[in-house]
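Take a look at the structure below.
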Amino acid sequence: MELTDAQFERYARHLILDEVGDAGQEKLLQARVLVVGAGGLGAPMLLYLAAAGVGTIGIIDDDHVDLSNLQRQVIHMTERVGSAKTQSAAATIAAVNPDIVVEQHATRLTADNVMALINDYDVIADGSDNFSTRYLLNDACHLAGKTLVAGALLRFEGQLSTFRSGVSGHQDAPCYRCLFPAPPAAGTVPRCDEAGILGAVAGVIGTLQATEVIKEILSLGDSMAGRLMLYDSLSGSFRTVKFKRNPECPLCGDAPQIQAVS
Ligand code: ZN
């Protein structure tokens, strides 16, 4: 694949980086990334992945743009209130970078469709806002051998990690269940719509997720696999904690109990 003149100009600030260069840019253009959720995390992630030239971006979201989304979901415009989020995100991406092929999946991610959906992509990014999707993606990506870059938000805080426990050559890497073996009981952790979220915090974590996705595609620097980054906007601080594969993990441990998504 040869870059066109317009691509040389568009991606000039990537091409000048020795660690990216022509070969890296071509890798990005050939990459296929699935972003789950075109919401607070998905919006900045999709914008940066599209701007960076990630060639094929899948978007899963079954929701419509609501006026209350616009405080943080910066890929959606006021005039698109009521439109499908996948359509609205695809329209913005087309305006940012016509190089990008967008695959819209206006559906809810379920145990029945998750394996088929993730199979078509190289890297999966979780921008969902609920525990059932988070565990479903963790389990499915482990079983399918996919890299998962996951972010989460609550009020003034965010967190980020990368899971690649199922990826060949990375079997020592922990999964999300190594940290938290099972979802919290329903109702014990407030959701974003109940607890609130400072909009720009979604921008911080979603942008970090886009950065980690690009690093995974380019095998650049240190992966966030085995590390959990915690951001507290009120104290203005980042903290990173290391964690290891739990031999008793029900998914990636020595005697796994989970062998299919449910
Ligand atoms: Zn695990």
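Each chain in the structure tokens gets a letter, A, B, ..., in the order shown, and its residues are numbered from 1; ligands are numbered from 1 in order too.
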Arg155 of chain A environment, 12 Å, only C-alpha atoms, sequence neighbours closer than 3 positions dropped, as an NGL selection string: :A and (152 or 158-159 or 189-202 or 231-234)
Please produce an output containing N, CA, C and O atoms for each residue in the selection, written as a short mmCIF file (atom, residue, chain, number, x, y, z; two decimals), in the first residue's frame.
```cif
data_model
loop_
_atom_site.label_atom_id
_atom_site.label_comp_id
_atom_site.auth_asym_id
_atom_site.auth_seq_id
_atom_site.Cartn_x
_atom_site.Cartn_y
_atom_site.Cartn_z
N ALA A 152 -13.33 3.44 32.16
CA ALA A 152 -14.54 3.58 32.95
C ALA A 152 -14.52 4.94 33.63
O ALA A 152 -13.46 5.51 33.88
N GLY A 158 -11.77 8.59 36.66
CA GLY A 158 -11.79 7.64 35.56
C GLY A 158 -10.71 6.61 35.75
O GLY A 158 -9.77 6.80 36.54
N GLN A 159 -10.84 5.50 35.03
CA GLN A 159 -9.79 4.49 35.08
C GLN A 159 -9.62 3.85 33.71
O GLN A 159 -10.48 3.93 32.84
N VAL A 189 -23.43 -0.02 42.79
CA VAL A 189 -22.56 1.00 42.21
C VAL A 189 -23.42 1.89 41.33
O VAL A 189 -24.12 1.40 40.45
N PRO A 190 -23.39 3.21 41.58
CA PRO A 190 -24.26 4.09 40.79
C PRO A 190 -23.81 4.17 39.34
O PRO A 190 -22.63 4.06 39.04
N ARG A 191 -24.77 4.33 38.44
CA ARG A 191 -24.46 4.54 37.02
C ARG A 191 -24.22 6.02 36.77
O ARG A 191 -24.63 6.86 37.56
N CYS A 192 -23.57 6.29 35.63
CA CYS A 192 -23.25 7.66 35.23
C CYS A 192 -24.50 8.56 35.25
O CYS A 192 -24.45 9.69 35.72
N ASP A 193 -25.62 8.02 34.74
CA ASP A 193 -26.82 8.87 34.65
C ASP A 193 -27.42 9.15 36.03
O ASP A 193 -28.16 10.10 36.21
N GLU A 194 -27.05 8.33 37.02
CA GLU A 194 -27.55 8.57 38.38
C GLU A 194 -26.57 9.42 39.19
O GLU A 194 -26.98 10.24 39.99
N ALA A 195 -25.26 9.18 38.98
CA ALA A 195 -24.24 9.81 39.84
C ALA A 195 -23.66 11.08 39.23
O ALA A 195 -23.06 11.87 39.93
N GLY A 196 -23.83 11.26 37.92
CA GLY A 196 -23.25 12.42 37.26
C GLY A 196 -21.82 12.17 36.82
O GLY A 196 -21.17 11.22 37.27
N ILE A 197 -21.35 13.01 35.91
CA ILE A 197 -19.97 12.89 35.42
C ILE A 197 -19.54 14.27 34.93
O ILE A 197 -20.30 14.96 34.24
N LEU A 198 -18.36 14.67 35.34
CA LEU A 198 -17.78 15.90 34.80
C LEU A 198 -17.37 15.60 33.35
O LEU A 198 -16.53 14.73 33.12
N GLY A 199 -18.00 16.29 32.40
CA GLY A 199 -17.86 15.91 30.99
C GLY A 199 -16.43 15.77 30.51
O GLY A 199 -16.08 14.82 29.80
N ALA A 200 -15.57 16.70 30.90
CA ALA A 200 -14.20 16.69 30.38
C ALA A 200 -13.41 15.48 30.86
O ALA A 200 -12.44 15.07 30.21
N VAL A 201 -13.83 14.88 31.99
CA VAL A 201 -13.15 13.67 32.48
C VAL A 201 -13.31 12.53 31.46
O VAL A 201 -12.39 11.74 31.24
N ALA A 202 -14.49 12.48 30.82
CA ALA A 202 -14.70 11.48 29.76
C ALA A 202 -13.72 11.73 28.62
O ALA A 202 -13.19 10.78 28.02
N TYR A 231 -7.43 8.09 37.45
CA TYR A 231 -7.35 9.55 37.32
C TYR A 231 -8.38 10.18 38.23
O TYR A 231 -9.56 9.82 38.20
N ASP A 232 -7.92 11.11 39.07
CA ASP A 232 -8.81 11.86 39.95
C ASP A 232 -8.72 13.33 39.55
O ASP A 232 -7.71 13.99 39.81
N SER A 233 -9.77 13.81 38.90
CA SER A 233 -9.70 15.19 38.37
C SER A 233 -9.69 16.20 39.51
O SER A 233 -9.09 17.27 39.38
N LEU A 234 -10.34 15.90 40.64
CA LEU A 234 -10.40 16.89 41.73
C LEU A 234 -9.03 17.13 42.34
O LEU A 234 -8.69 18.27 42.67
#
```
Helix (DSSP H, G or I) residues, from DSSP on the backbone, in segment 45-262 of chain A, as a PyMOL selection string: chain A and resi 45-52+67-69+78-80+85-96+114-119+131-144+176-179+192-195+199-218
Restricted to C-alpha atoms, what would the selected residues look like written as a PDB file, in the first residue's frame?
```
ATOM      1  CA  MET A  45     -11.883   7.842  21.164  1.00  0.00           C
ATOM      2  CA  LEU A  46     -13.643   7.768  17.780  1.00  0.00           C
ATOM      3  CA  LEU A  47     -12.514  11.299  16.936  1.00  0.00           C
ATOM      4  CA  TYR A  48      -8.841  10.581  17.671  1.00  0.00           C
ATOM      5  CA  LEU A  49      -8.824   7.143  16.047  1.00  0.00           C
ATOM      6  CA  ALA A  50     -10.411   8.627  12.919  1.00  0.00           C
ATOM      7  CA  ALA A  51      -8.035  11.601  12.880  1.00  0.00           C
ATOM      8  CA  ALA A  52      -5.085   9.214  13.318  1.00  0.00           C
ATOM      9  CA  LEU A  67     -29.732  16.524  24.448  1.00  0.00           C
ATOM     10  CA  SER A  68     -28.270  15.477  27.822  1.00  0.00           C
ATOM     11  CA  ASN A  69     -25.491  13.557  25.990  1.00  0.00           C
ATOM     12  CA  THR A  78     -27.105  19.529  18.600  1.00  0.00           C
ATOM     13  CA  GLU A  79     -28.821  19.164  15.223  1.00  0.00           C
ATOM     14  CA  ARG A  80     -28.485  15.366  15.512  1.00  0.00           C
ATOM     15  CA  LYS A  85     -25.648   7.449  17.655  1.00  0.00           C
ATOM     16  CA  THR A  86     -23.849   5.189  15.159  1.00  0.00           C
ATOM     17  CA  GLN A  87     -25.134   7.358  12.290  1.00  0.00           C
ATOM     18  CA  SER A  88     -24.265  10.612  14.026  1.00  0.00           C
ATOM     19  CA  ALA A  89     -20.750   9.361  14.869  1.00  0.00           C
ATOM     20  CA  ALA A  90     -20.241   8.113  11.288  1.00  0.00           C
ATOM     21  CA  ALA A  91     -21.239  11.540   9.911  1.00  0.00           C
ATOM     22  CA  THR A  92     -18.690  13.341  12.117  1.00  0.00           C
ATOM     23  CA  ILE A  93     -15.962  10.818  11.264  1.00  0.00           C
ATOM     24  CA  ALA A  94     -16.650  11.295   7.532  1.00  0.00           C
ATOM     25  CA  ALA A  95     -16.253  15.046   8.009  1.00  0.00           C
ATOM     26  CA  VAL A  96     -12.993  14.629   9.969  1.00  0.00           C
ATOM     27  CA  VAL A 114     -20.452 -10.611  20.879  1.00  0.00           C
ATOM     28  CA  MET A 115     -18.172 -13.331  19.476  1.00  0.00           C
ATOM     29  CA  ALA A 116     -19.220 -12.686  15.867  1.00  0.00           C
ATOM     30  CA  LEU A 117     -18.841  -8.909  16.304  1.00  0.00           C
ATOM     31  CA  ILE A 118     -15.382  -8.884  17.890  1.00  0.00           C
ATOM     32  CA  ASN A 119     -13.974 -11.549  15.567  1.00  0.00           C
ATOM     33  CA  PHE A 131     -20.904  -3.755  34.236  1.00  0.00           C
ATOM     34  CA  SER A 132     -22.714  -6.392  32.199  1.00  0.00           C
ATOM     35  CA  THR A 133     -21.081  -5.151  28.959  1.00  0.00           C
ATOM     36  CA  ARG A 134     -17.699  -4.788  30.695  1.00  0.00           C
ATOM     37  CA  TYR A 135     -17.683  -8.424  31.861  1.00  0.00           C
ATOM     38  CA  LEU A 136     -19.149  -9.678  28.581  1.00  0.00           C
ATOM     39  CA  LEU A 137     -16.361  -7.966  26.595  1.00  0.00           C
ATOM     40  CA  ASN A 138     -13.643  -9.106  28.997  1.00  0.00           C
ATOM     41  CA  ASP A 139     -14.757 -12.720  28.736  1.00  0.00           C
ATOM     42  CA  ALA A 140     -15.324 -12.615  24.959  1.00  0.00           C
ATOM     43  CA  CYS A 141     -11.971 -10.915  24.218  1.00  0.00           C
ATOM     44  CA  HIS A 142     -10.127 -13.450  26.396  1.00  0.00           C
ATOM     45  CA  LEU A 143     -11.828 -16.388  24.674  1.00  0.00           C
ATOM     46  CA  ALA A 144     -11.305 -14.898  21.187  1.00  0.00           C
ATOM     47  CA  TYR A 176     -10.549  -7.749  34.288  1.00  0.00           C
ATOM     48  CA  ARG A 177     -11.813 -10.639  36.417  1.00  0.00           C
ATOM     49  CA  CYS A 178      -8.329 -11.001  37.952  1.00  0.00           C
ATOM     50  CA  LEU A 179      -9.007  -7.569  39.489  1.00  0.00           C
ATOM     51  CA  CYS A 192     -23.252   7.656  35.227  1.00  0.00           C
ATOM     52  CA  ASP A 193     -26.816   8.872  34.652  1.00  0.00           C
ATOM     53  CA  GLU A 194     -27.547   8.567  38.379  1.00  0.00           C
ATOM     54  CA  ALA A 195     -24.242   9.807  39.836  1.00  0.00           C
ATOM     55  CA  GLY A 199     -17.858  15.908  30.989  1.00  0.00           C
ATOM     56  CA  ALA A 200     -14.201  16.691  30.376  1.00  0.00           C
ATOM     57  CA  VAL A 201     -13.146  13.669  32.480  1.00  0.00           C
ATOM     58  CA  ALA A 202     -14.702  11.481  29.762  1.00  0.00           C
ATOM     59  CA  GLY A 203     -12.480  13.346  27.298  1.00  0.00           C
ATOM     60  CA  VAL A 204      -9.355  12.581  29.351  1.00  0.00           C
ATOM     61  CA  ILE A 205     -10.026   8.853  29.660  1.00  0.00           C
ATOM     62  CA  GLY A 206     -11.405   8.399  26.120  1.00  0.00           C
ATOM     63  CA  THR A 207      -8.347  10.153  24.693  1.00  0.00           C
ATOM     64  CA  LEU A 208      -6.034   7.956  26.782  1.00  0.00           C
ATOM     65  CA  GLN A 209      -7.918   4.928  25.432  1.00  0.00           C
ATOM     66  CA  ALA A 210      -7.388   6.104  21.847  1.00  0.00           C
ATOM     67  CA  THR A 211      -3.675   6.521  22.625  1.00  0.00           C
ATOM     68  CA  GLU A 212      -3.448   2.990  24.044  1.00  0.00           C
ATOM     69  CA  VAL A 213      -5.322   1.523  21.052  1.00  0.00           C
ATOM     70  CA  ILE A 214      -2.853   3.200  18.686  1.00  0.00           C
ATOM     71  CA  LYS A 215       0.089   1.949  20.801  1.00  0.00           C
ATOM     72  CA  GLU A 216      -1.291  -1.605  20.645  1.00  0.00           C
ATOM     73  CA  ILE A 217      -1.667  -1.410  16.840  1.00  0.00           C
ATOM     74  CA  LEU A 218       1.886  -0.115  16.458  1.00  0.00           C
TER      75      LEU A 218
END
```
Mind dumping a table of every chain A residue within 7 Å of ligand 1, with the nearest atom pair and its distance in Å to one decimal, using only C-alpha atoms and all ligand atoms, sorted by chain and rising number, as a Markdown table?
```
| residue | atom | partner | partner_atom_place_in_ligand_line | distance |
| --- | --- | --- | --- | --- |
| A:Pro174 | CA | ligand 1 | 1 (Zn) | 5.0 |
| A:Cys175 | CA | ligand 1 | 1 (Zn) | 3.9 |
| A:Tyr176 | CA | ligand 1 | 1 (Zn) | 6.0 |
| A:Arg177 | CA | ligand 1 | 1 (Zn) | 4.7 |
| A:Cys178 | CA | ligand 1 | 1 (Zn) | 3.9 |
| A:Arg245 | CA | ligand 1 | 1 (Zn) | 5.8 |
| A:Asn246 | CA | ligand 1 | 1 (Zn) | 5.9 |
| A:Cys249 | CA | ligand 1 | 1 (Zn) | 4.6 |
| A:Pro250 | CA | ligand 1 | 1 (Zn) | 6.6 |
| A:Leu251 | CA | ligand 1 | 1 (Zn) | 5.1 |
| A:Cys252 | CA | ligand 1 | 1 (Zn) | 4.1 |
| A:Gly253 | CA | ligand 1 | 1 (Zn) | 5.8 |
```
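Distance check against Ala38 of chain A using only C-alpha atoms: of A:Ala185, A:Leu228, A:Val261, A:Ile57, the minimum falls on A:Ile57.
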Residues flagged strand (DSSP E) by DSSP in segment 23-230 of chain A, as a PyMOL selection string: chain A and resi 32-36+56-60+101-105+123-126+147-154+157-163+227-230
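When only C-alpha atoms are used to compute distances to Tyr121 of chain A, the closest of the residues A:Leu148, A:Val65, A:Leu3, A:Ala255 turns out to be A:Leu148.
Here atom CA of Ala12 of chain A and atom CA of Ser219 of chain A stand 20.0 Å from one another.
Among the candidates A:Gly127, A:Gly58, A:Gly82, A:Gly24, the one nearest to Glu103 of chain A when counting only C-alpha atoms is A:Gly58.
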Neighbouring residues of Lys146 of chain A were defined as those with any atom within 7 Å, considering only C-alpha atoms; residues of the same chain fewer than 4 positions away were excluded. Please report them as a PDB file with N, CA, C and O atoms, in the first residue's frame.
```pdb
ATOM      1  N   ASP A 122      -9.210  -6.158  15.086  1.00  0.00           N
ATOM      2  CA  ASP A 122      -7.895  -6.435  15.681  1.00  0.00           C
ATOM      3  C   ASP A 122      -7.849  -6.040  17.147  1.00  0.00           C
ATOM      4  O   ASP A 122      -7.268  -6.737  17.976  1.00  0.00           O
ATOM      5  N   VAL A 123      -8.392  -4.882  17.457  1.00  0.00           N
ATOM      6  CA  VAL A 123      -8.370  -4.360  18.834  1.00  0.00           C
ATOM      7  C   VAL A 123      -9.782  -3.919  19.181  1.00  0.00           C
ATOM      8  O   VAL A 123     -10.495  -3.355  18.338  1.00  0.00           O
ATOM      9  N   CYS A 141     -13.298 -11.237  24.768  1.00  0.00           N
ATOM     10  CA  CYS A 141     -11.971 -10.915  24.218  1.00  0.00           C
ATOM     11  C   CYS A 141     -10.943 -11.945  24.680  1.00  0.00           C
ATOM     12  O   CYS A 141     -10.065 -12.340  23.907  1.00  0.00           O
ATOM     13  N   HIS A 142     -11.043 -12.406  25.922  1.00  0.00           N
ATOM     14  CA  HIS A 142     -10.127 -13.450  26.396  1.00  0.00           C
ATOM     15  C   HIS A 142     -10.303 -14.718  25.553  1.00  0.00           C
ATOM     16  O   HIS A 142      -9.329 -15.282  25.052  1.00  0.00           O
ATOM     17  N   ARG A 164      -5.110  -8.417  27.764  1.00  0.00           N
ATOM     18  CA  ARG A 164      -4.804  -9.284  26.619  1.00  0.00           C
ATOM     19  C   ARG A 164      -4.439 -10.687  27.088  1.00  0.00           C
ATOM     20  O   ARG A 164      -3.547 -11.329  26.537  1.00  0.00           O
ATOM     21  N   GLY A 166      -5.889 -13.389  26.630  1.00  0.00           N
ATOM     22  CA  GLY A 166      -6.107 -14.477  25.671  1.00  0.00           C
ATOM     23  C   GLY A 166      -5.212 -14.387  24.452  1.00  0.00           C
ATOM     24  O   GLY A 166      -5.242 -15.269  23.593  1.00  0.00           O
ATOM     25  N   VAL A 167      -4.418 -13.315  24.361  1.00  0.00           N
ATOM     26  CA  VAL A 167      -3.605 -13.091  23.156  1.00  0.00           C
ATOM     27  C   VAL A 167      -2.369 -13.976  23.219  1.00  0.00           C
ATOM     28  O   VAL A 167      -1.680 -14.016  24.238  1.00  0.00           O
TER      29      VAL A 167
END
```
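Nearest to Gln104 of chain A of all the residues A:Leu29, A:Ile60, A:Leu153, A:Leu220 is A:Ile60, counting only C-alpha atoms.
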Pairwise distance for atom CA of Glu248 of chain A and atom CA of Asp172 of chain A, rounded to one decimal in Å: 13.1 Å
Which of A:Ser165, A:Leu28, A:Val36, A:His64 sits closest to Thr110 of chain A [using only C-alpha atoms]: A:Val36
One-decimal distance in Å that lies between atom CA of Asp222 of chain A and atom CA of Ala125 of chain A: 17.4 Å
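If only C-alpha atoms are the atoms counted, then among A:Gly55, A:Gly151, A:Gly42, A:Gly37 the closest residue to Gln25 of chain A is A:Gly55.
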